[in-house]
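K.L.:
Please see the structure below; I have some questions.
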Amino acid sequence: MSALDFGALRARFPIFSERTYFATQCLGPMPAEAYADLFEYARTLGLRSRSIPLWLERMAELIGLLEQLLGAEAGSVALRESATAAQAAIASAVTPRPERHRILFSALDFHSSRYLWSAQVRRGFSVEEVRPEDGVALRPEDVLRHLDERVALVALSLVSPRTGALLDVVPVVKAAHDAGALVVLDAYQAVGVVPVDVRRLGADVVVGGTHKWLGGGGTGLAFLYVRPSLAERLLPAYPGWIGHREMVGFAERYEPAPGGARFQQGTPALEPIYTARAGLRFVLEAGVERLRARNVALTTRMLARALDAGLSVKTPHEPERRGGMLCFDLEDGSSVVERMAALGIDIDTRPGAGVRVSPHPCNTEQECDRVIDELARLTRR
Ligand SMILES: Cc1ncc(COP(=O)(O)O)c(C=O)c1O
């Protein structure tokens, strides 16, 4: 694996010349090329109906790039407006049966996933929350003890947005499949910083979005991979014309598109599709393995400095058990985030997660040290 010149790559992200930016877990730095794509989108607006073929081309191009990123089969990835909508499309295609009606989700997932899966009780599912024994990171055995032949679906995050823990998911997928259950993996906090090869992971559905570690500009764009042989068996209960076999045929009857595309629905927002391409190209050019190696080096450095300074780090300390961010147990996280922002440092906080800090691969070692030193100074009693 050849080394990348992160100093040179850094110049491609305008935010780094304005802020000490450590909030990729929320909104990732966006390459400057995304502005050119946004202007290109603005130009198409003037074309009105003549823009449609151009838009469809951009959608197909983006899907191709996502399939490349995920090591996915052609035609297996679909675009949706949010990760919640992507998971909802799958939920709608799975029906409870008396002998198979349980859904497992985790206490470490994004809140929206919990709302979505819990709501399936109204459709006849029973739902159960899987909790990590240590409160921070799920171990495969934490999930395995809930599995039986009544489980229809297991929904988990690859990297927890609450603790930054990275799930050892392969044994979970294997056990879930042995029990006859589907696995829906929310990889939003992983894609772009942790290698996600859908065929190696074996998950049935992998969901992600573009505006965090993939450096997409606009919000409102997510995607899902559906294992091709499974996609053929699942029918979305809320289909739309973008998921029709003949997208612009406008037939009277819905016929599902082959593969993942059937989970698409109505006319998408085009602005995030245009502004997602540059970030995705950056990740593909740099290579996720190299981005991961750089991120691990930076989080390892920050972790050591934080522990020396007496800060409490919730995220697993072993690099192979964490994603791209570190979560700090700090009192009054909102005030810490505000005071850091006043120093030009962007981080964030979420209830239960503490203060979340993400070094982007293009952050420098000096910036990492400064973030920890300021955190320690602001929270010293
Ligand atoms: C793990 C994870 N999943 C999903 C989301 C977002 O979901 P949605 O696109 O539905 O807003 C986030 C963060 O915003 C997240 O951290």
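Residue numbers start at 1 in each chain; chains themselves are named A, B, ... in the order of the structure tokens; ligands are numbered from 1 in the order shown.
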I'd like the contact shell of stretch 374-381 of chain A - 10 Å cut-off, only C-alpha atoms, skipping same-chain residues fewer than 5 positions apart - returned as a PDB file with C-alpha atoms, in the first residue's frame.

P.N.:
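Generated output (out.pdb):
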```pdb
ATOM      1  CA  ARG A 305      -2.812  12.150  24.635  1.00  0.00           C
ATOM      2  CA  ALA A 306      -6.347  12.204  26.060  1.00  0.00           C
ATOM      3  CA  LEU A 307      -5.632   9.412  28.526  1.00  0.00           C
ATOM      4  CA  ASP A 308      -2.413  11.177  29.599  1.00  0.00           C
ATOM      5  CA  ALA A 309      -4.475  14.302  30.234  1.00  0.00           C
ATOM      6  CA  GLY A 310      -6.938  12.336  32.382  1.00  0.00           C
ATOM      7  CA  LEU A 311      -9.837  12.505  29.909  1.00  0.00           C
ATOM      8  CA  PHE A 328     -15.493  11.478  25.373  1.00  0.00           C
ATOM      9  CA  LEU A 330     -17.592  14.856  29.606  1.00  0.00           C
ATOM     10  CA  GLU A 331     -20.012  16.790  31.761  1.00  0.00           C
ATOM     11  CA  ASP A 332     -22.003  19.494  30.012  1.00  0.00           C
ATOM     12  CA  GLY A 333     -21.068  18.435  26.494  1.00  0.00           C
ATOM     13  CA  SER A 335     -21.125  23.924  26.638  1.00  0.00           C
ATOM     14  CA  VAL A 336     -17.810  22.203  25.796  1.00  0.00           C
ATOM     15  CA  VAL A 337     -18.801  22.070  22.109  1.00  0.00           C
ATOM     16  CA  ARG A 339     -16.517  26.817  23.839  1.00  0.00           C
ATOM     17  CA  MET A 340     -14.466  24.724  21.404  1.00  0.00           C
ATOM     18  CA  LEU A 343     -11.751  28.598  19.525  1.00  0.00           C
ATOM     19  CA  ILE A 345     -12.659  23.896  16.638  1.00  0.00           C
ATOM     20  CA  VAL A 355     -18.626  14.661  23.024  1.00  0.00           C
ATOM     21  CA  ASP A 369      -2.878  17.551  19.673  1.00  0.00           C
TER      22      ASP A 369
END
```

K.L.:
Output as a tab-separated table one row per residue of chain A within 8 Å of ligand 1: the closest atom pair and its distance in Å to one decimal place, counting only C-alpha atoms and all ligand atoms, sorted by chain and residue number ascending.

P.N.:
```
residue	atom	partner	partner_atom_place_in_ligand_line	distance
A:Gln25	CA	ligand 1	16 (O)	6.8
A:Cys26	CA	ligand 1	14 (O)	6.4
A:Glu81	CA	ligand 1	9 (O)	7.1
A:Ser82	CA	ligand 1	9 (O)	3.5
A:Ala83	CA	ligand 1	9 (O)	3.7
A:Thr84	CA	ligand 1	10 (O)	3.6
A:Ala85	CA	ligand 1	10 (O)	6.3
A:Ala86	CA	ligand 1	10 (O)	7.8
A:Asp109	CA	ligand 1	1 (C)	6.2
A:Phe110	CA	ligand 1	2 (C)	4.9
A:Ser112	CA	ligand 1	10 (O)	6.3
A:Ser113	CA	ligand 1	3 (N)	7.3
A:Ser157	CA	ligand 1	1 (C)	6.0
A:Leu158	CA	ligand 1	1 (C)	7.8
A:Val159	CA	ligand 1	1 (C)	6.7
A:Ser160	CA	ligand 1	1 (C)	6.0
A:Pro161	CA	ligand 1	16 (O)	4.6
A:Asp186	CA	ligand 1	3 (N)	5.9
A:Ala187	CA	ligand 1	1 (C)	6.4
A:Tyr188	CA	ligand 1	1 (C)	4.8
A:Gln189	CA	ligand 1	1 (C)	5.1
A:Gly208	CA	ligand 1	3 (N)	6.9
A:Gly209	CA	ligand 1	9 (O)	6.3
A:Gly220	CA	ligand 1	9 (O)	7.0
A:Leu221	CA	ligand 1	9 (O)	7.2
A:Ala222	CA	ligand 1	9 (O)	6.1
```

K.L.:
Can you list every residue in stretch 260-339 of chain A that DSSP puts in helix (DSSP H, G or I), as number ranges by chain?

P.N.:
A: 260-263, 271-286, 288-308, 319-321, 333-339

K.L.:
Any idea what's packed within 8 Å of stretch 54-63 of chain A, counting only C-alpha atoms, ignoring anything in its chain fewer than 3 positions away? Could you give it as a list in words?

P.N.:
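Counting only the stated atoms, we get Thr44, Arg50, Ser51, Leu66, Glu67, Val77, Ala78, Leu79, Leu270, Ile273, Tyr274, Ala276 and Arg277 of chain A.
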
K.L.:
Atoms to include: C-alpha atoms. Write the selected residues as a JSON list (two decimals), in the first residue's frame.

P.N.:
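Resulting contents of again-v9.json:
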```json
[["chain", "number", "residue", "atom", "x", "y", "z"],
["A", 44, "THR", "CA", -29.22, 22.09, -15.76],
["A", 50, "ARG", "CA", -34.28, 18.72, -21.19],
["A", 51, "SER", "CA", -32.29, 18.23, -17.96],
["A", 66, "LEU", "CA", -21.14, 3.49, -4.75],
["A", 67, "GLU", "CA", -21.11, -0.06, -6.11],
["A", 77, "VAL", "CA", -27.40, -0.34, -5.02],
["A", 78, "ALA", "CA", -30.33, 2.07, -4.82],
["A", 79, "LEU", "CA", -30.52, 5.75, -3.89],
["A", 270, "LEU", "CA", -30.74, 16.20, -7.51],
["A", 273, "ILE", "CA", -26.57, 13.73, -6.14],
["A", 274, "TYR", "CA", -24.48, 16.34, -7.94],
["A", 276, "ALA", "CA", -21.81, 13.82, -3.67],
["A", 277, "ARG", "CA", -19.65, 12.81, -6.61]]
```

K.L.:
So, with only C-alpha atoms as the atoms that count, which of A:Leu235, A:Val226, A:Ala11, A:Leu166 lies closest to A:Ala93?

P.N.:
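Residue with the minimum atom-to-atom distance to A:Ala93: A:Leu235.
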
K.L.:
Measuring between only C-alpha atoms, which one of A:Glu252, A:Glu149, A:Asp168, A:Glu338 shows the shortest distance to A:Leu201?

P.N.:
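Ranking A:Glu252, A:Glu149, A:Asp168, A:Glu338 by distance to A:Leu201, first place goes to A:Asp168.
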
K.L.:
What's the separation between atom CA of A:Val183 and atom CA of A:Ala203, in Å to one decimal place?

P.N.:
5.4 Å

K.L.:
Quick one: pull the distance between atom CA of A:Thr299 and atom CA of A:Cys368, Å, one decimal.

P.N.:
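It comes out at 8.3 Å.
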
K.L.:
Show which residues sit within 10 Å of stretch 285-294 of chain A, as a list in words. Count only C-alpha atoms, and ignore same-chain residues fewer than 4 positions away.

P.N.:
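Once the nearby chain positions are removed, what remains is Met1, Ser2, Ala3, Leu4, Asp5, Phe6, Leu9, Leu69, Ala190, Val191, Gly192, Val193, Val194, Pro195, Val196, Gly279, Leu280, Arg281, Leu298, Thr299, Thr300, Pro319, Gly323, Gly324, Pro359, His360, Pro361, Cys362 and Asn363 of chain A.
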
K.L.:
For the residues in the current selection, export N, CA and C atoms as a CSV table (one decimal), in the first residue's frame.

P.N.:
```csv
chain,number,residue,atom,x,y,z
A,1,MET,N,0.9,-1.2,0.0
A,1,MET,CA,0.0,0.0,0.0
A,1,MET,C,0.9,1.2,0.0
A,2,SER,N,0.9,2.0,-1.1
A,2,SER,CA,1.8,3.2,-1.1
A,2,SER,C,1.2,4.3,-0.3
A,3,ALA,N,2.1,5.2,0.2
A,3,ALA,CA,1.6,6.3,1.1
A,3,ALA,C,1.0,7.4,0.3
A,4,LEU,N,0.0,8.1,0.9
A,4,LEU,CA,-0.6,9.3,0.3
A,4,LEU,C,0.0,10.5,0.9
A,5,ASP,N,0.0,11.6,0.1
A,5,ASP,CA,0.5,12.9,0.7
A,5,ASP,C,-0.7,13.6,1.2
A,6,PHE,N,-1.0,13.4,2.5
A,6,PHE,CA,-2.3,14.0,3.0
A,6,PHE,C,-2.1,15.5,3.1
A,9,LEU,N,-3.4,16.6,-0.2
A,9,LEU,CA,-4.8,16.3,-0.4
A,9,LEU,C,-5.7,17.3,0.4
A,69,LEU,N,-17.3,1.4,-4.5
A,69,LEU,CA,-16.9,1.5,-3.1
A,69,LEU,C,-17.3,0.3,-2.2
A,190,ALA,N,-19.4,4.2,8.9
A,190,ALA,CA,-18.3,3.4,8.4
A,190,ALA,C,-17.8,3.7,7.0
A,191,VAL,N,-18.8,3.9,6.1
A,191,VAL,CA,-18.5,4.1,4.7
A,191,VAL,C,-17.6,5.3,4.5
A,192,GLY,N,-16.4,5.0,3.9
A,192,GLY,CA,-15.4,6.1,3.6
A,192,GLY,C,-14.3,6.1,4.6
A,193,VAL,N,-14.4,5.4,5.7
A,193,VAL,CA,-13.3,5.4,6.7
A,193,VAL,C,-13.0,4.0,7.2
A,194,VAL,N,-13.9,3.1,7.1
A,194,VAL,CA,-13.7,1.7,7.4
A,194,VAL,C,-14.1,0.9,6.1
A,195,PRO,N,-13.2,0.0,5.7
A,195,PRO,CA,-13.5,-0.7,4.5
A,195,PRO,C,-14.8,-1.5,4.6
A,196,VAL,N,-15.7,-1.3,3.7
A,196,VAL,CA,-17.0,-2.0,3.7
A,196,VAL,C,-17.1,-2.8,2.4
A,279,GLY,N,-16.7,13.9,-3.4
A,279,GLY,CA,-16.2,13.3,-2.2
A,279,GLY,C,-16.0,11.8,-2.4
A,280,LEU,N,-17.0,11.2,-3.2
A,280,LEU,CA,-16.9,9.8,-3.4
A,280,LEU,C,-15.7,9.5,-4.3
A,281,ARG,N,-15.4,10.3,-5.3
A,281,ARG,CA,-14.2,10.1,-6.1
A,281,ARG,C,-13.0,10.3,-5.3
A,298,LEU,N,-4.3,8.7,13.6
A,298,LEU,CA,-4.7,9.9,14.3
A,298,LEU,C,-5.5,9.7,15.5
A,299,THR,N,-6.5,8.7,15.5
A,299,THR,CA,-7.3,8.5,16.7
A,299,THR,C,-6.4,7.8,17.8
A,300,THR,N,-5.4,7.0,17.4
A,300,THR,CA,-4.5,6.4,18.4
A,300,THR,C,-3.7,7.5,19.1
A,319,PRO,N,-7.7,-0.3,18.3
A,319,PRO,CA,-8.0,0.3,17.0
A,319,PRO,C,-9.0,-0.6,16.2
A,323,GLY,N,-14.5,2.8,15.0
A,323,GLY,CA,-14.6,3.4,13.6
A,323,GLY,C,-13.7,4.6,13.6
A,324,GLY,N,-14.2,5.7,13.0
A,324,GLY,CA,-13.4,6.9,12.8
A,324,GLY,C,-13.4,7.9,13.9
A,359,PRO,N,-11.1,12.8,13.7
A,359,PRO,CA,-10.1,13.3,12.8
A,359,PRO,C,-10.3,12.8,11.4
A,360,HIS,N,-10.4,13.7,10.5
A,360,HIS,CA,-10.5,13.4,9.1
A,360,HIS,C,-9.1,13.0,8.7
A,361,PRO,N,-8.9,12.1,7.7
A,361,PRO,CA,-7.5,11.7,7.3
A,361,PRO,C,-6.7,12.9,6.9
A,362,CYS,N,-7.3,14.1,6.5
A,362,CYS,CA,-6.5,15.2,6.1
A,362,CYS,C,-6.2,16.2,7.3
A,363,ASN,N,-6.7,15.9,8.5
A,363,ASN,CA,-6.3,16.7,9.6
A,363,ASN,C,-4.8,16.4,9.9
```

K.L.:
By how many Å are atom CA of A:Val207 and atom CA of A:Leu153 apart?

P.N.:
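So the answer is 14.5 Å.
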
K.L.:
What are the closest atom pairs, with distances in Å to one decimal, for each residue of stretch 158-220 of chain A lying within 12 Å of stretch 130-133 of chain A, using only C-alpha atoms, rows by chain and rising residue number, as JSON lines?

P.N.:
```
{"residue": "A:Ser160", "atom": "CA", "partner": "A:Pro132", "partner_atom": "CA", "distance": 11.4}
{"residue": "A:Thr163", "atom": "CA", "partner": "A:Pro132", "partner_atom": "CA", "distance": 11.1}
{"residue": "A:Ala165", "atom": "CA", "partner": "A:Pro132", "partner_atom": "CA", "distance": 10.6}
{"residue": "A:Leu167", "atom": "CA", "partner": "A:Pro132", "partner_atom": "CA", "distance": 10.7}
```

K.L.:
Keeping N, CA and C atoms for every residue in the selection just given, could you write it to a file as an mmCIF file, in the first residue's frame?

P.N.:
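The new file result24.cif reads:
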```
data_model
loop_
_atom_site.group_PDB
_atom_site.id
_atom_site.type_symbol
_atom_site.label_atom_id
_atom_site.label_comp_id
_atom_site.auth_asym_id
_atom_site.auth_seq_id
_atom_site.Cartn_x
_atom_site.Cartn_y
_atom_site.Cartn_z
ATOM 1 N N SER A 160 -21.050 2.346 15.744
ATOM 2 C CA SER A 160 -22.089 3.003 16.534
ATOM 3 C C SER A 160 -21.922 4.526 16.532
ATOM 4 N N THR A 163 -21.092 5.479 20.386
ATOM 5 C CA THR A 163 -19.854 5.162 21.116
ATOM 6 C C THR A 163 -18.639 5.064 20.190
ATOM 7 N N ALA A 165 -17.936 2.465 18.514
ATOM 8 C CA ALA A 165 -17.483 1.069 18.485
ATOM 9 C C ALA A 165 -17.758 0.436 17.124
ATOM 10 N N LEU A 167 -18.413 -2.957 15.090
ATOM 11 C CA LEU A 167 -18.942 -4.295 15.366
ATOM 12 C C LEU A 167 -18.197 -5.357 14.560
#
```

K.L.:
Select from stretch 87-322 of chain A everything DSSP, run on the backbone, classes as strand (DSSP E or B), then give the selection as a PyMOL selection string.

P.N.:
chain A and resi 97+100+102-106+126-130+151-157+159+165-166+182-186+205-209+222-226+244+256+313+322
